[in-house]
Amino acid sequence: MSRKESKSPTFDRIVEASLQLFNQQGERSVTTNHIARYLNISTGNLYYHFACKEDIINELYRRYSKGMADYLNAAGELSVNASIEGLVSLLEKVLRHLWTFRFIPQSISSLFSVNQSLRESYSKIEAGLISRGVEKLFFKLRDQGMLEGDDVQIGFLARNFQLLQTGWIARPDIARCPQEAQVVAREGCLSLLYFLAPYVSSRFRQPFERVLASMAPLQALPAV
């Protein structure tokens with residue numbers, strides 16, 4: 001837990017600078033000394049707000065998971081009958097959010113080994129609330145007629161969709177890629193849509209394929 005419950009401008013500057021450095025250099029390469037030097041503040045000032053680097057990571061994970069939960073809530077309010085484009089737009093926003101916090105899926109295994117608090121939060125939020133939310137959304141899409149499959153198929157589809165979604169950002173070539181979030185989100189969204197394509201019902205096949213045809217990649221990403 002951070003030392004300060006009330007968030008000051010310095011608190012936010014530390015969090016935002018840490019996110020930038022973790023994404024650019026990798027979390028394991030960045031120390032609290034690096035963060036303080038980057039911000040031109042003393043390490044004592046940094047430690048006034050955060051007891052250690054793990055506390056900064058926990059705050060970043062809190063922001064990441066809150067954003068994911070907000071997007072899931074927004075998805076739950078959408079009606080596929082109104083607009084497949086609306087769902088695709090929301091999916092791109094989710095992928096841009098993942099890209100903003102990309103060091104988390106890229107480093108999650110090593111983070112777990114040194115941060116028990118993060119492991120517990122991940123189990124509760126990512127493997128719990130978010131997974132259940134994705135599964136609930138997929139059953140809703142099935143009930144609204146967009147997806148086809150029995151309960152077991154839809155459950156597996158939801159779980160593997162989530163793995164592919166986070167795994168896309170964690171790919172080594174993506175981690176090294178300086179592309180803008182818009183490019184990464186567009187290609188990631190296409191990959192996810194092609195993954196869903198075999199399960200799209202005949203009723204929604206034509207508008208689904210129209211959306212796919214309109215989503216040519218903005219530019220090619222490096223080959224794996």
# chains A, B, ... in the order shown; residues from 1 in each chain; ligands from 1
$ select_by_dssp --residues "region 3-210 of chain A" --states "alpha helix (DSSP H)" --output "VMD selection string"
chain A and resid 9 to 25 32 to 39 43 to 49 53 to 77 84 to 100 103 to 114 116 to 124 131 to 143 151 to 170 172 to 175 181 to 196 202 to 210
$ closest_atom_pairs --of "region 36-148 of chain A" --to "region 157-174 of chain A" --cutoff "12 Å" --atoms "only C-alpha atoms" --output "tab-separated table"
residue	atom	partner	partner_atom	distance
A:Met68	CA	A:Thr166	CA	11.4
A:Leu72	CA	A:Gln162	CA	11.9
A:Leu91	CA	A:Gln165	CA	9.6
A:Glu92	CA	A:Gln165	CA	10.6
A:Val94	CA	A:Gln165	CA	9.1
A:Leu95	CA	A:Gln165	CA	7.5
A:Arg96	CA	A:Ile169	CA	9.6
A:His97	CA	A:Ile169	CA	10.4
A:Leu98	CA	A:Ile169	CA	7.0
A:Trp99	CA	A:Ile169	CA	6.5
A:Thr100	CA	A:Ile169	CA	10.0
A:Phe101	CA	A:Ile169	CA	9.4
A:Arg102	CA	A:Ile169	CA	6.3
A:Phe103	CA	A:Ala170	CA	8.1
A:Ile104	CA	A:Ala170	CA	8.5
A:Pro105	CA	A:Ala170	CA	5.5
A:Gln106	CA	A:Ala170	CA	4.4
A:Ser107	CA	A:Ala170	CA	8.1
A:Ile108	CA	A:Ala170	CA	9.4
A:Ser109	CA	A:Ala170	CA	11.3
A:Glu126	CA	A:Gln162	CA	9.8
A:Ala127	CA	A:Arg159	CA	9.8
A:Gly128	CA	A:Arg159	CA	11.4
A:Ile130	CA	A:Gln162	CA	9.1
A:Ser131	CA	A:Arg159	CA	7.0
A:Arg132	CA	A:Ala158	CA	9.1
A:Gly133	CA	A:Ala158	CA	9.5
A:Val134	CA	A:Ala158	CA	6.1
A:Glu135	CA	A:Ala158	CA	5.1
A:Lys136	CA	A:Ala158	CA	8.6
A:Leu137	CA	A:Ala158	CA	8.4
A:Phe138	CA	A:Ala158	CA	6.2
A:Phe139	CA	A:Ala158	CA	8.7
A:Lys140	CA	A:Ala158	CA	11.3
A:Leu141	CA	A:Ala158	CA	10.8
A:Arg142	CA	A:Ala158	CA	11.2
A:Leu147	CA	A:Leu157	CA	10.2
A:Glu148	CA	A:Leu157	CA	10.6
$ closest_residue --among "A:Ile125, A:Arg186, A:Gly155, A:Gly145" --to "Lys66 (chain A)" --atoms "only C-alpha atoms"
A:Ile125
$ closest_residue --among "A:Gln206, A:Gln182, A:Gln116, A:Ser18" --to "Lys93 (chain A)" --atoms "only C-alpha atoms"
A:Gln182
$ residues_around --residues "region 8-16 of chain A" --least-positions-apart "4" --cutoff "9 Å" --atoms "only C-alpha atoms" --output "VMD selection string"
chain A and resid 4 20 to 21 35 to 36 39 45 to 46 49 to 50 56 to 57 59 to 60
$ residues_around --residues "Arg210 (chain A)" --least-positions-apart "5" --cutoff "12 Å" --atoms "only C-alpha atoms" --output "JSON, numbers by chain"
{"A": [84, 85, 88, 193, 204, 205, 215, 216]}
$ write_last_selection --atoms "C-alpha atoms" --output "PDB file, in the first residue's frame"
ATOM      1  CA  ILE A  84     -21.449  -4.637 -34.329  1.00  0.00           C
ATOM      2  CA  GLU A  85     -19.274  -1.619 -35.054  1.00  0.00           C
ATOM      3  CA  VAL A  88     -15.543  -3.526 -32.294  1.00  0.00           C
ATOM      4  CA  LEU A 193     -12.302 -10.989 -34.663  1.00  0.00           C
ATOM      5  CA  PHE A 204     -24.743 -11.666 -38.313  1.00  0.00           C
ATOM      6  CA  ARG A 205     -22.273 -13.062 -40.835  1.00  0.00           C
ATOM      7  CA  MET A 215     -10.395  -2.946 -40.809  1.00  0.00           C
ATOM      8  CA  ALA A 216      -7.268  -3.318 -42.929  1.00  0.00           C
TER       9      ALA A 216
END
$ atom_distance --atom1 "CA of Leu192 (chain A)" --atom2 "CA of Gly76 (chain A)"
18.1 Å
$ closest_residue --among "A:Ile154, A:Ile41, A:Leu111, A:Ala74" --to "Val200 (chain A)" --atoms "only C-alpha atoms"
A:Ile154
